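What's in structure.txt: compact mmCIF, C-alpha atoms
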# COMPACT_ATOMS: atom_id res chain seq x y z
CA MET A 1 75.68 85.63 111.19
CA VAL A 2 73.68 86.09 108.02
CA ALA A 3 72.45 83.37 105.71
CA SER A 4 73.22 84.84 102.29
CA VAL A 5 75.77 87.13 100.70
CA ASP A 6 73.04 89.42 99.37
CA GLU A 7 71.73 89.84 102.90
CA ALA A 8 75.29 90.48 104.04
CA VAL A 9 75.79 93.52 101.81
CA ALA A 10 72.33 95.00 102.40
CA GLY A 11 72.54 98.51 103.75
CA VAL A 12 75.41 99.73 101.61
CA ARG A 13 74.39 103.16 100.31
CA ASP A 14 75.14 105.25 97.25
CA GLY A 15 78.29 107.28 97.87
CA ASP A 16 79.69 105.01 100.57
CA VAL A 17 83.41 104.56 101.14
CA VAL A 18 83.93 100.82 100.75
CA LEU A 19 87.11 99.15 102.00
CA VAL A 20 87.86 95.83 100.32
CA GLY A 21 90.53 93.55 101.78
CA GLY A 22 92.96 91.51 99.72
CA PHE A 23 96.10 91.87 97.67
CA GLY A 24 95.94 90.97 93.99
CA ILE A 25 93.21 88.37 94.30
CA GLY A 26 94.70 86.85 97.47
CA GLY A 27 92.28 87.32 100.33
CA VAL A 28 89.80 89.40 98.34
CA PRO A 29 86.23 88.64 99.49
CA LEU A 30 85.22 87.91 95.92
CA VAL A 31 81.71 86.68 96.65
CA LEU A 32 80.85 89.74 98.75
CA VAL A 33 82.24 92.02 96.04
CA GLU A 34 80.07 90.26 93.47
CA ALA A 35 77.06 90.75 95.74
CA LEU A 36 77.93 94.45 95.99
CA ALA A 37 78.06 94.62 92.20
CA ARG A 38 74.58 93.03 92.05
CA LEU A 39 73.26 95.46 94.66
CA GLY A 40 74.23 98.25 92.26
CA ARG A 41 74.87 101.12 94.68
CA ARG A 42 76.64 103.92 92.80
CA ASP A 43 79.24 106.67 93.33
CA LEU A 44 81.22 104.42 95.64
CA THR A 45 84.71 105.27 96.82
CA LEU A 46 86.63 102.02 96.61
CA VAL A 47 89.64 101.56 98.88
CA SER A 48 91.67 98.48 98.02
CA ASN A 49 95.30 97.74 97.17
CA ASN A 50 94.44 96.87 93.57
CA CYS A 51 91.65 97.69 91.16
CA GLY A 52 90.70 94.24 89.99
CA THR A 53 91.64 92.09 87.06
CA GLY A 54 89.75 90.13 84.43
CA GLU A 55 86.01 89.68 84.86
CA ILE A 56 85.84 88.88 88.56
CA GLY A 57 85.88 90.66 91.90
CA LEU A 58 86.69 94.37 91.94
CA ALA A 59 86.71 94.52 88.14
CA LEU A 60 82.91 94.06 88.23
CA LEU A 61 82.45 97.28 90.22
CA PHE A 62 84.17 99.22 87.42
CA LYS A 63 82.44 97.23 84.69
CA HIS A 64 79.06 98.25 86.14
CA HIS A 65 80.10 101.91 86.58
CA LEU A 66 79.65 101.91 90.36
CA VAL A 67 82.92 103.55 91.42
CA ARG A 68 83.46 107.32 91.45
CA LYS A 69 86.84 107.23 93.13
CA ALA A 70 89.46 104.55 93.78
CA CYS A 71 92.18 104.70 96.44
CA ALA A 72 94.84 102.12 95.64
CA SER A 73 98.58 101.56 95.62
CA PHE A 74 98.77 99.31 92.58
CA PRO A 75 95.89 99.92 90.17
CA ALA A 76 97.86 99.20 86.99
CA GLN A 77 98.01 95.43 87.10
CA ALA A 78 97.61 93.21 84.06
CA GLY A 79 94.05 92.54 82.93
CA ASN A 80 92.54 95.57 84.65
CA HIS A 81 90.76 96.85 81.51
CA HIS A 82 87.52 97.67 83.32
CA PHE A 83 89.33 99.99 85.74
CA VAL A 84 91.37 101.55 82.93
CA ALA A 85 88.22 102.22 80.91
CA ALA A 86 86.52 103.88 83.89
CA TYR A 87 89.65 105.91 84.64
CA GLU A 88 90.30 107.03 81.08
CA SER A 89 86.68 108.07 80.50
CA GLY A 90 86.91 110.32 83.55
CA GLU A 91 84.12 108.39 85.27
CA CYS A 92 86.43 107.27 88.08
CA GLU A 93 89.18 109.32 89.68
CA LEU A 94 92.24 107.72 91.24
CA GLU A 95 94.02 108.58 94.45
CA LEU A 96 97.32 106.73 94.28
CA VAL A 97 98.55 105.93 97.79
CA PRO A 98 101.84 104.23 98.72
CA GLN A 99 101.04 100.78 100.06
CA GLY A 100 102.38 101.34 103.58
CA THR A 101 100.68 104.73 103.76
CA LEU A 102 97.42 103.10 102.71
CA ALA A 103 97.72 100.52 105.50
CA GLU A 104 98.67 103.16 108.07
CA ARG A 105 95.88 105.58 107.06
CA LEU A 106 93.42 102.74 107.64
CA ARG A 107 95.08 101.94 110.96
CA ALA A 108 94.90 105.59 112.01
CA ALA A 109 91.17 105.61 111.28
CA ALA A 110 90.75 102.32 113.13
CA ALA A 111 92.59 103.67 116.16
CA GLY A 112 90.76 106.98 116.27
CA LEU A 113 93.86 108.99 115.35
CA GLY A 114 93.86 112.22 113.39
CA GLY A 115 96.65 111.21 111.06
CA PHE A 116 100.41 110.73 111.14
CA TYR A 117 103.71 111.89 109.66
CA THR A 118 105.61 109.48 107.41
CA PRO A 119 108.86 109.82 105.44
CA THR A 120 107.26 107.79 102.63
CA GLY A 121 106.60 109.95 99.60
CA ALA A 122 108.48 113.02 100.84
CA GLY A 123 109.75 115.04 97.89
CA THR A 124 107.61 113.12 95.38
CA ASP A 125 104.51 113.91 93.34
CA LEU A 126 102.38 111.98 95.83
CA ALA A 127 103.22 114.50 98.55
CA ALA A 128 102.24 117.49 96.41
CA GLY A 129 100.08 119.92 98.36
CA LYS A 130 100.46 117.99 101.62
CA GLU A 131 101.73 119.42 104.87
CA THR A 132 105.33 118.45 105.64
CA ARG A 133 107.36 118.69 108.81
CA GLU A 134 111.02 118.33 109.71
CA ILE A 135 111.49 115.85 112.55
CA ASP A 136 115.06 115.20 113.71
CA GLY A 137 116.42 116.46 110.41
CA ARG A 138 114.21 114.36 108.15
CA THR A 139 111.22 115.45 106.09
CA TYR A 140 107.91 113.78 106.91
CA VAL A 141 104.57 114.06 105.08
CA PHE A 142 101.29 114.41 106.96
CA GLU A 143 98.72 111.78 106.01
CA LYS A 144 95.09 111.73 107.08
CA PRO A 145 93.11 108.78 108.38
CA LEU A 146 91.08 106.80 105.85
CA ARG A 147 87.80 105.65 107.32
CA GLY A 148 85.29 103.36 105.64
CA ASP A 149 81.52 103.32 105.77
CA VAL A 150 81.70 99.64 104.96
CA ALA A 151 84.49 97.04 104.93
CA LEU A 152 84.28 93.80 102.98
CA VAL A 153 86.85 91.33 104.29
CA SER A 154 87.63 87.65 104.03
CA ALA A 155 88.87 85.07 106.51
CA HIS A 156 89.46 81.37 106.76
CA ARG A 157 87.35 80.72 109.83
CA GLY A 158 84.86 82.80 111.78
CA ASP A 159 82.34 82.32 114.57
CA ARG A 160 79.01 83.90 115.56
CA PHE A 161 80.84 86.53 117.60
CA GLY A 162 82.64 87.69 114.45
CA ASN A 163 86.03 86.45 115.57
CA LEU A 164 88.15 85.80 112.49
CA ARG A 165 91.17 83.71 111.72
CA HIS A 166 92.85 84.40 108.42
CA ARG A 167 95.14 82.11 106.47
CA ARG A 168 98.68 82.69 105.16
CA SER A 169 99.21 85.78 103.01
CA SER A 170 95.45 86.19 102.54
CA ARG A 171 95.48 88.00 105.88
CA ASN A 172 97.09 91.14 104.30
CA PHE A 173 94.73 94.18 104.49
CA ASN A 174 91.78 92.26 105.95
CA PRO A 175 92.34 92.85 109.70
CA VAL A 176 93.06 96.58 109.42
CA MET A 177 90.13 97.18 107.08
CA ALA A 178 87.84 95.25 109.41
CA MET A 179 88.84 97.69 112.13
CA ALA A 180 88.51 100.86 110.04
CA ALA A 181 84.85 100.81 108.97
CA ARG A 182 81.49 101.58 110.53
CA LEU A 183 80.00 98.35 109.14
CA THR A 184 82.28 95.34 108.66
CA ILE A 185 81.11 92.32 106.69
CA ALA A 186 83.21 89.14 106.59
CA GLN A 187 83.13 86.31 104.10
CA VAL A 188 84.56 83.18 105.73
CA GLU A 189 85.39 79.78 104.36
CA GLU A 190 83.89 78.11 107.40
CA ILE A 191 81.75 79.24 110.30
CA VAL A 192 82.85 77.26 113.33
CA PRO A 193 80.94 76.74 116.60
CA ALA A 194 81.42 79.32 119.34
CA GLY A 195 84.49 78.37 121.35
CA ALA A 196 86.12 76.42 118.53
CA LEU A 197 88.58 79.21 117.79
CA ASP A 198 91.27 79.36 120.43
CA PRO A 199 91.21 82.97 121.69
CA ASP A 200 94.98 83.11 121.15
CA ASP A 201 94.45 82.28 117.47
CA VAL A 202 91.95 85.03 116.69
CA HIS A 203 93.57 87.51 114.27
CA THR A 204 90.62 89.92 114.01
CA PRO A 205 88.56 90.16 117.21
CA GLY A 206 84.81 89.95 116.70
CA ILE A 207 84.21 93.37 118.24
CA PHE A 208 85.23 94.79 114.84
CA VAL A 209 82.99 92.52 112.78
CA ASP A 210 79.26 93.07 112.29
CA ARG A 211 78.21 90.35 109.84
CA VAL A 212 79.67 86.97 108.95
CA VAL A 213 78.62 84.88 105.99
CA GLU A 214 79.96 81.45 105.09
CA VAL A 215 81.17 80.99 101.53
CA ARG A 216 82.68 77.59 100.90
CA GLY A 217 85.43 77.62 98.31
CA GLY A 218 85.71 81.39 98.47
CA GLY A 219 89.46 81.49 99.07
CA GLN A 220 91.25 81.40 102.43
CA GLY A 221 90.62 77.71 102.46
CA MET B 1 133.70 83.43 66.58
CA THR B 2 131.01 85.62 68.05
CA GLU B 3 132.31 88.55 70.05
CA ARG B 4 130.51 88.74 73.37
CA ALA B 5 128.78 92.06 74.02
CA PRO B 6 130.32 93.97 76.93
CA GLY B 7 128.64 93.71 80.32
CA TRP B 8 126.76 91.15 82.38
CA THR B 9 123.57 89.50 81.20
CA THR B 10 120.69 90.17 83.57
CA ARG B 11 121.12 86.59 84.81
CA GLU B 12 124.81 87.18 85.53
CA LEU B 13 123.89 90.46 87.21
CA ALA B 14 121.45 88.61 89.49
CA ALA B 15 124.23 86.19 90.45
CA ARG B 16 126.66 89.08 91.02
CA LEU B 17 124.21 90.89 93.31
CA ALA B 18 123.33 87.70 95.19
CA MET B 19 126.99 87.31 96.18
CA ASP B 20 126.75 90.58 98.15
CA ILE B 21 123.76 89.57 100.30
CA PRO B 22 125.20 88.39 103.61
CA ASP B 23 124.17 85.32 105.57
CA GLY B 24 121.34 86.11 107.96
CA ALA B 25 120.07 89.15 106.07
CA TYR B 26 116.39 90.13 105.90
CA VAL B 27 115.75 91.32 102.35
CA ASN B 28 112.94 92.49 100.12
CA LEU B 29 113.48 91.80 96.44
CA GLY B 30 111.19 93.98 94.34
CA ILE B 31 109.07 92.75 91.47
CA GLY B 32 110.75 92.46 88.08
CA LEU B 33 114.51 92.04 87.77
CA PRO B 34 115.24 91.93 91.55
CA THR B 35 113.03 88.84 91.98
CA SER B 36 115.51 86.90 89.83
CA VAL B 37 118.21 87.33 92.51
CA THR B 38 116.48 84.75 94.75
CA ALA B 39 117.60 81.79 92.65
CA HIS B 40 121.27 82.81 92.91
CA ILE B 41 121.71 83.13 96.66
CA PRO B 42 124.43 80.67 97.68
CA PRO B 43 122.90 77.63 99.42
CA ASP B 44 125.13 78.05 102.47
CA ARG B 45 123.54 81.41 103.29
CA GLU B 46 120.28 81.70 105.20
CA VAL B 47 118.59 84.79 103.78
CA MET B 48 115.04 85.66 104.89
CA HIS B 49 112.83 87.09 102.16
CA HIS B 50 110.16 89.60 103.10
CA SER B 51 107.08 90.17 100.97
CA GLU B 52 104.88 93.27 101.33
CA ASN B 53 101.74 91.19 101.77
CA GLY B 54 102.85 89.95 105.15
CA ILE B 55 105.41 87.19 104.69
CA VAL B 56 108.77 87.06 106.41
CA GLY B 57 110.56 83.96 105.20
CA MET B 58 109.15 83.50 101.73
CA GLY B 59 110.29 80.38 99.88
CA PRO B 60 110.63 79.56 96.18
CA PRO B 61 107.67 78.96 93.84
CA PRO B 62 105.88 75.64 94.51
CA PRO B 63 105.98 72.71 92.08
CA ALA B 64 103.17 72.76 89.51
CA GLY B 65 99.94 71.52 91.05
CA GLU B 66 100.91 72.47 94.60
CA GLU B 67 99.99 76.15 94.44
CA ASP B 68 98.15 77.51 97.49
CA PRO B 69 95.79 80.41 96.65
CA ASP B 70 96.50 81.81 100.12
CA LEU B 71 100.26 82.03 99.47
CA MET B 72 101.23 84.71 96.98
CA ASP B 73 104.32 86.86 96.62
CA ALA B 74 104.22 90.63 96.08
CA GLY B 75 104.09 90.06 92.33
CA LYS B 76 100.94 87.96 92.87
CA ASN B 77 102.68 84.72 91.92
CA PRO B 78 102.40 81.53 93.99
CA CYS B 79 105.13 81.09 96.58
CA THR B 80 105.98 78.85 99.53
CA LEU B 81 107.16 79.40 103.10
CA ALA B 82 110.75 78.86 104.20
CA LEU B 83 111.92 77.40 107.49
CA GLY B 84 111.34 80.00 110.20
CA ALA B 85 108.67 81.90 108.26
CA SER B 86 106.06 84.09 109.88
CA ILE B 87 102.87 85.73 108.61
CA CYS B 88 101.63 89.18 109.56
CA ASP B 89 99.05 91.67 108.36
CA HIS B 90 99.80 94.72 106.20
CA THR B 91 100.28 97.18 109.05
CA VAL B 92 102.93 94.97 110.63
CA SER B 93 104.51 94.23 107.26
CA PHE B 94 105.01 97.95 106.65
CA THR B 95 106.13 98.49 110.23
CA ILE B 96 108.93 96.09 109.29
CA ILE B 97 109.66 98.18 106.18
CA ARG B 98 109.35 101.72 107.54
CA GLY B 99 110.74 100.81 110.93
CA GLY B 100 114.11 99.99 109.42
CA ARG B 101 114.06 96.23 110.07
CA LEU B 102 114.94 95.20 106.51
CA ASP B 103 118.68 94.97 105.95
CA ILE B 104 118.40 95.39 102.18
CA ALA B 105 115.68 96.33 99.72
CA VAL B 106 116.54 95.64 96.09
CA LEU B 107 114.41 97.75 93.79
CA GLY B 108 114.16 98.00 90.03
CA GLY B 109 115.06 101.35 88.53
CA MET B 110 114.20 103.59 85.60
CA GLN B 111 116.65 106.33 86.63
CA VAL B 112 119.12 106.89 89.47
CA SER B 113 120.81 110.25 90.01
CA ALA B 114 124.32 110.92 91.27
CA ARG B 115 122.80 111.89 94.65
CA GLY B 116 120.93 108.61 94.92
CA ASP B 117 117.49 109.88 93.90
CA LEU B 118 115.43 107.02 92.50
CA ALA B 119 112.71 107.05 89.85
CA ASN B 120 111.09 103.68 89.28
CA TRP B 121 107.32 103.92 89.25
CA ARG B 122 106.11 106.07 86.39
CA VAL B 123 107.68 107.50 83.26
CA ALA B 124 107.31 111.23 82.65
CA GLY B 125 104.04 112.06 80.94
CA GLN B 126 102.40 108.72 81.70
CA GLN B 127 99.09 109.25 83.45
CA LEU B 128 98.44 106.01 85.25
CA GLY B 129 101.22 104.75 87.47
CA SER B 130 101.38 102.18 90.22
CA VAL B 131 103.62 102.76 93.19
CA GLY B 132 102.90 99.71 95.36
CA GLY B 133 105.35 99.51 98.25
CA ALA B 134 108.31 101.10 96.45
CA MET B 135 108.14 104.47 98.22
CA ASP B 136 107.92 102.81 101.63
CA LEU B 137 110.84 100.47 100.86
CA ALA B 138 112.96 103.34 99.52
CA ALA B 139 112.25 105.38 102.65
CA GLY B 140 112.59 102.62 105.20
CA ALA B 141 115.08 99.89 104.37
CA ARG B 142 118.54 100.16 105.93
CA GLN B 143 120.18 99.68 102.55
CA VAL B 144 118.51 100.42 99.23
CA TRP B 145 120.09 98.75 96.25
CA VAL B 146 118.86 99.38 92.72
CA MET B 147 119.19 96.66 90.09
CA MET B 148 118.66 97.65 86.48
CA THR B 149 119.87 97.41 82.90
CA HIS B 150 122.65 99.93 82.35
CA THR B 151 120.79 101.94 79.72
CA ASP B 152 117.15 102.17 78.65
CA LYS B 153 115.69 100.51 75.57
CA SER B 154 116.82 103.42 73.41
CA GLY B 155 120.37 103.21 74.78
CA ARG B 156 120.06 106.35 76.93
CA PRO B 157 121.80 106.45 80.32
CA LYS B 158 119.73 105.44 83.34
CA ILE B 159 122.38 106.83 85.69
CA VAL B 160 121.67 110.52 85.29
CA ARG B 161 122.53 113.95 86.72
CA GLU B 162 118.89 114.64 87.61
CA CYS B 163 115.96 112.25 87.31
CA SER B 164 113.51 113.45 84.66
CA TYR B 165 110.92 110.85 85.68
CA PRO B 166 108.82 111.30 88.85
CA LEU B 167 110.79 110.38 91.97
CA THR B 168 110.15 107.34 94.14
CA ALA B 169 112.30 108.88 96.86
CA ALA B 170 115.11 111.42 97.08
CA ARG B 171 118.62 110.45 98.22
CA CYS B 172 117.60 106.91 99.08
CA VAL B 173 119.90 104.71 96.97
CA ASP B 174 123.03 103.26 98.55
CA ARG B 175 124.24 101.10 95.68
CA VAL B 176 123.44 100.55 92.01
CA TYR B 177 123.89 97.25 90.19
CA THR B 178 123.70 97.65 86.42
CA THR B 179 124.62 95.31 83.61
CA PHE B 180 127.86 97.37 83.28
CA ALA B 181 129.03 98.04 86.81
CA VAL B 182 128.40 98.16 90.55
CA LEU B 183 128.48 101.69 91.94
CA ASP B 184 128.22 103.03 95.47
CA VAL B 185 126.40 106.31 96.01
CA THR B 186 128.54 108.41 98.36
CA ASP B 187 128.41 111.96 99.66
CA ASP B 188 131.04 112.73 97.02
CA GLY B 189 129.14 111.14 94.15
CA LEU B 190 129.28 107.78 92.44
CA VAL B 191 132.12 105.34 93.05
CA ALA B 192 132.47 102.26 90.82
CA ILE B 193 133.40 99.23 92.90
CA ASP B 194 133.16 96.59 90.17
CA LEU B 195 133.08 96.51 86.38
CA ALA B 196 131.49 93.84 84.21
CA PRO B 197 133.57 91.86 81.69
CA GLY B 198 134.39 93.91 78.62
CA VAL B 199 133.58 97.22 80.34
CA ASP B 200 136.53 99.52 81.00
CA ARG B 201 136.64 102.83 82.82
CA ALA B 202 136.18 104.86 79.65
CA ALA B 203 133.17 102.79 78.59
CA LEU B 204 131.51 103.30 81.95
CA GLU B 205 132.22 107.03 82.00
CA ALA B 206 130.84 107.40 78.49
CA SER B 207 127.59 105.65 79.35
CA VAL B 208 126.52 107.56 82.46
CA GLU B 209 125.76 111.27 82.82
CA PRO B 210 127.41 112.18 86.13
CA PRO B 211 131.13 111.91 86.90
CA VAL B 212 132.26 108.57 88.31
CA ARG B 213 135.24 107.81 90.52
CA PHE B 214 136.82 104.39 90.73
CA ALA B 215 137.44 102.51 93.95
CA GLU B 216 141.05 101.67 94.75
CA ARG B 217 139.96 98.13 95.42
CA LEU B 218 138.82 97.62 91.84
CA PRO B 219 140.48 94.45 90.62
CA ALA B 220 143.78 95.03 88.81
CA GLY B 221 143.49 95.68 85.11
CA LEU B 222 140.07 97.32 85.34
Exercise: express the given structure as structure tokens:
Amino acid sequence: MVASVDEAVAGVRDGDVVLVGGFGIGGVPLVLVEALARLGRRDLTLVSNNCGTGEIGLALLFKHHLVRKACASFPAQAGNHHFVAAYESGECELELVPQGTLAERLRAAAAGLGGFYTPTGAGTDLAAGKETREIDGRTYVFEKPLRGDVALVSAHRGDRFGNLRHRRSSRNFNPVMAMAARLTIAQVEEIVPAGALDPDDVHTPGIFVDRVVEVRGGGQG
Amino acid sequence: MTERAPGWTTRELAARLAMDIPDGAYVNLGIGLPTSVTAHIPPDREVMHHSENGIVGMGPPPPAGEEDPDLMDAGKNPCTLALGASICDHTVSFTIIRGGRLDIAVLGGMQVSARGDLANWRVAGQQLGSVGGAMDLAAGARQVWVMMTHTDKSGRPKIVRECSYPLTAARCVDRVYTTFAVLDVTDDGLVAIDLAPGVDRAALEASVEPPVRFAERLPAGL
């Protein structure tokens, strides 16, 4: 457990691959992302389903010119002017990844796998240059694992062991990203005493989580 | 008297498509036009709505003031949970999609070819596109239905010989619902199985690029 969000994101380096959980703004660890923006590490590779909207969360990373590359499935959402500006100026490149492929590449990294074959994207622009293979008469595309240096995730409740319980559709990418990074930092609505979470109710086991910081009113509440 | 334009309105199209979703089906209704189908599903049918962000059994939007920031649909709008709902993470949600557990995915469309190729995520020449879960849904759902206006804003056919826009998936579409007609994609090309009011065979043939055959079960007079 750490006492402050700035302490929580300490140790992120220039050039790191940063996984950020959430979907739209649901389940995005907004306060951790803001702390990352304050920390000011540059040339980050940002892996997240979206690329932020308005003046909060992921949008701040683009506003402050911290992202060199974004991996996302749905970057073009309304109000994403800071991402669009970074993309159009050439400052930030985009790797567009189908949503299920994004989740599975993270899972492959988490599970120590070297990649997988998926029918998703076969015959499309997003498979250009990728290895393909016929399996039982269908074309599959080879996709590599996507590993993070750091993952920023959110949860509803957490304990000092790092066990996390998410809430409703704010679970989304958070568990798989927590498992796919070298350093996983969780923003939780409430830190509960050890033993308060029923082991059967833990969604993300604490073995995957390195730091937990309590942020009341930070979503997942 | 005002002469009614031929075809269904998009609202009528949503109602027409909803009639074809069977009781007990697990469906994913894509963002945009397909989302509007939800409101037209007959109340005597129990249809389970899947959302990419880990909801099976999504309910209608909540009343104003009762929004839960932890309950969003795939279009990032507030939603509720239906009786029998479950929540999962993204890897499980896409295991449902790619593993063939969804009975029907209804996707929006920019172009559909006679072979059932679908283009729905980026227009030709546009740099920045967003694909979301469309490619996974097109590859994985048992049935892929496309719901779209019959022609584009300039009046050009959206049912084409070859898609000129970047593909979402090749040979994935089973059925197309447009504001003019319902067409099945078969190994022998497109077969019209229903025509909208005011649309006759000649009007349909004139407004799509590939040849169309007409089902014998088309209602008399069409």
Item to complete: List the neighbours of Glu134 in chain A out to 10 Å using only C-alpha atoms; skip same-chain residues closer than 6 positions along the sequence, and give me the result as a ChimeraX atom specification.
Response: /A:117,119,140-141
Worksheet, complete the sentence: Using all atoms listed in the file, the best pick from B:Gly84, B:Pro60, B:Gly133, B:Pro78 as closest to chain A would be B:Gly133
Item to complete: May I ask you to extract the residues of chain B within 9 Å of chain A, using only C-alpha atoms, and to give them as JSON, numbers by chain?
Response: {"B": [52, 53, 54, 55, 69, 70, 71, 72, 73, 74, 75, 76, 86, 87, 88, 89, 90, 91, 93, 94, 95, 97, 98, 128, 129, 130, 131, 132, 133, 134, 135, 136, 137, 138, 139, 140, 166, 167, 168, 169, 170]}
Writer output for current selection, C-alpha atoms, as a compact mmCIF listing (two decimals), in the frame of the given file:
# COMPACT_ATOMS: atom_id res chain seq x y z
CA GLU B 52 104.88 93.27 101.33
CA ASN B 53 101.74 91.19 101.77
CA GLY B 54 102.85 89.95 105.15
CA ILE B 55 105.41 87.19 104.69
CA PRO B 69 95.79 80.41 96.65
CA ASP B 70 96.50 81.81 100.12
CA LEU B 71 100.26 82.03 99.47
CA MET B 72 101.23 84.71 96.98
CA ASP B 73 104.32 86.86 96.62
CA ALA B 74 104.22 90.63 96.08
CA GLY B 75 104.09 90.06 92.33
CA LYS B 76 100.94 87.96 92.87
CA SER B 86 106.06 84.09 109.88
CA ILE B 87 102.87 85.73 108.61
CA CYS B 88 101.63 89.18 109.56
CA ASP B 89 99.05 91.67 108.36
CA HIS B 90 99.80 94.72 106.20
CA THR B 91 100.28 97.18 109.05
CA SER B 93 104.51 94.23 107.26
CA PHE B 94 105.01 97.95 106.65
CA THR B 95 106.13 98.49 110.23
CA ILE B 97 109.66 98.18 106.18
CA ARG B 98 109.35 101.72 107.54
CA LEU B 128 98.44 106.01 85.25
CA GLY B 129 101.22 104.75 87.47
CA SER B 130 101.38 102.18 90.22
CA VAL B 131 103.62 102.76 93.19
CA GLY B 132 102.90 99.71 95.36
CA GLY B 133 105.35 99.51 98.25
CA ALA B 134 108.31 101.10 96.45
CA MET B 135 108.14 104.47 98.22
CA ASP B 136 107.92 102.81 101.63
CA LEU B 137 110.84 100.47 100.86
CA ALA B 138 112.96 103.34 99.52
CA ALA B 139 112.25 105.38 102.65
CA GLY B 140 112.59 102.62 105.20
CA PRO B 166 108.82 111.30 88.85
CA LEU B 167 110.79 110.38 91.97
CA THR B 168 110.15 107.34 94.14
CA ALA B 169 112.30 108.88 96.86
CA ALA B 170 115.11 111.42 97.08
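Minimum atom-to-atom distance to Pro42 in chain B, evaluated using all atoms listed in the file, belongs to B:Ile21 out of B:Met58, B:Ile21, B:Leu13, B:Leu29.
In this model, the gap between CA of Ala127 in chain A and CA of Leu113 in chain A comes to 20.0 Å.
Within 9 Å of the point (122.8, 96.4, 88.2), and counting only C-alpha atoms, the protein, DNA and RNA residues are Trp8, Thr10, Leu13, Ala14, Arg16, Leu17, Gly108, Trp145, Val146, Met147, Met148, Thr149, His150, Arg175, Val176, Tyr177, Thr178, Thr179, Phe180, Ala181, Val182 and Leu183 of chain B.
CA of Val112 in chain B is found 6.6 Å from CA of Cys163 in chain B.
Here CA of Glu66 in chain B stands at a distance of 28.7 Å from CA of Leu107 in chain B.
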Edge lengths and centre in Å to one decimal, as JSON, is what I'm after for the box along x, y and z that holds all listed atoms of range 154-172 of chain A once 5 Å is added on each side.
{"center_x": 89.1, "center_y": 85.9, "center_z": 110.1, "size_x": 30.2, "size_y": 20.4, "size_z": 25.1}
Item to complete: Find the residues near range 34-47 of chain A: any atom within 8 Å, counting all atoms listed in the file, skip ones fewer than 3 places away on the same chain, and give them as number ranges by chain.
Response: A: 5-6, 9-10, 12-20, 30-31, 56-58, 60-61, 64-72
Could the residues in this selection be saved with C-alpha atoms as a short mmCIF file (atom, residue, chain, number, x, y, z; two decimals), keeping the file's coordinate frame?
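After the write, out_16.cif holds the following:
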data_model
loop_
_atom_site.label_atom_id
_atom_site.label_comp_id
_atom_site.auth_asym_id
_atom_site.auth_seq_id
_atom_site.Cartn_x
_atom_site.Cartn_y
_atom_site.Cartn_z
CA VAL A 5 75.77 87.13 100.70
CA ASP A 6 73.04 89.42 99.37
CA VAL A 9 75.79 93.52 101.81
CA ALA A 10 72.33 95.00 102.40
CA VAL A 12 75.41 99.73 101.61
CA ARG A 13 74.39 103.16 100.31
CA ASP A 14 75.14 105.25 97.25
CA GLY A 15 78.29 107.28 97.87
CA ASP A 16 79.69 105.01 100.57
CA VAL A 17 83.41 104.56 101.14
CA VAL A 18 83.93 100.82 100.75
CA LEU A 19 87.11 99.15 102.00
CA VAL A 20 87.86 95.83 100.32
CA LEU A 30 85.22 87.91 95.92
CA VAL A 31 81.71 86.68 96.65
CA ILE A 56 85.84 88.88 88.56
CA GLY A 57 85.88 90.66 91.90
CA LEU A 58 86.69 94.37 91.94
CA LEU A 60 82.91 94.06 88.23
CA LEU A 61 82.45 97.28 90.22
CA HIS A 64 79.06 98.25 86.14
CA HIS A 65 80.10 101.91 86.58
CA LEU A 66 79.65 101.91 90.36
CA VAL A 67 82.92 103.55 91.42
CA ARG A 68 83.46 107.32 91.45
CA LYS A 69 86.84 107.23 93.13
CA ALA A 70 89.46 104.55 93.78
CA CYS A 71 92.18 104.70 96.44
CA ALA A 72 94.84 102.12 95.64
#
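The closest residue to Ala5 in chain B, picked from B:Glu209, B:His49, B:Thr38, B:Val199 and counting only C-alpha atoms, is B:Val199.
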Worksheet item: If we count all atoms listed in the file, what is near His82 in chain A at a cut-off of 7 Å, once residues fewer than 2 positions away on the same chain are taken out, given as a ChimeraX atom specification?
Response: /A:59,62-63,80,84-86
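In this comparison, which uses all atoms listed in the file, the residue of B:Ala215, B:Val173, B:Ile193, B:Ala85 approaching Ile159 in chain B most closely is B:Val173.
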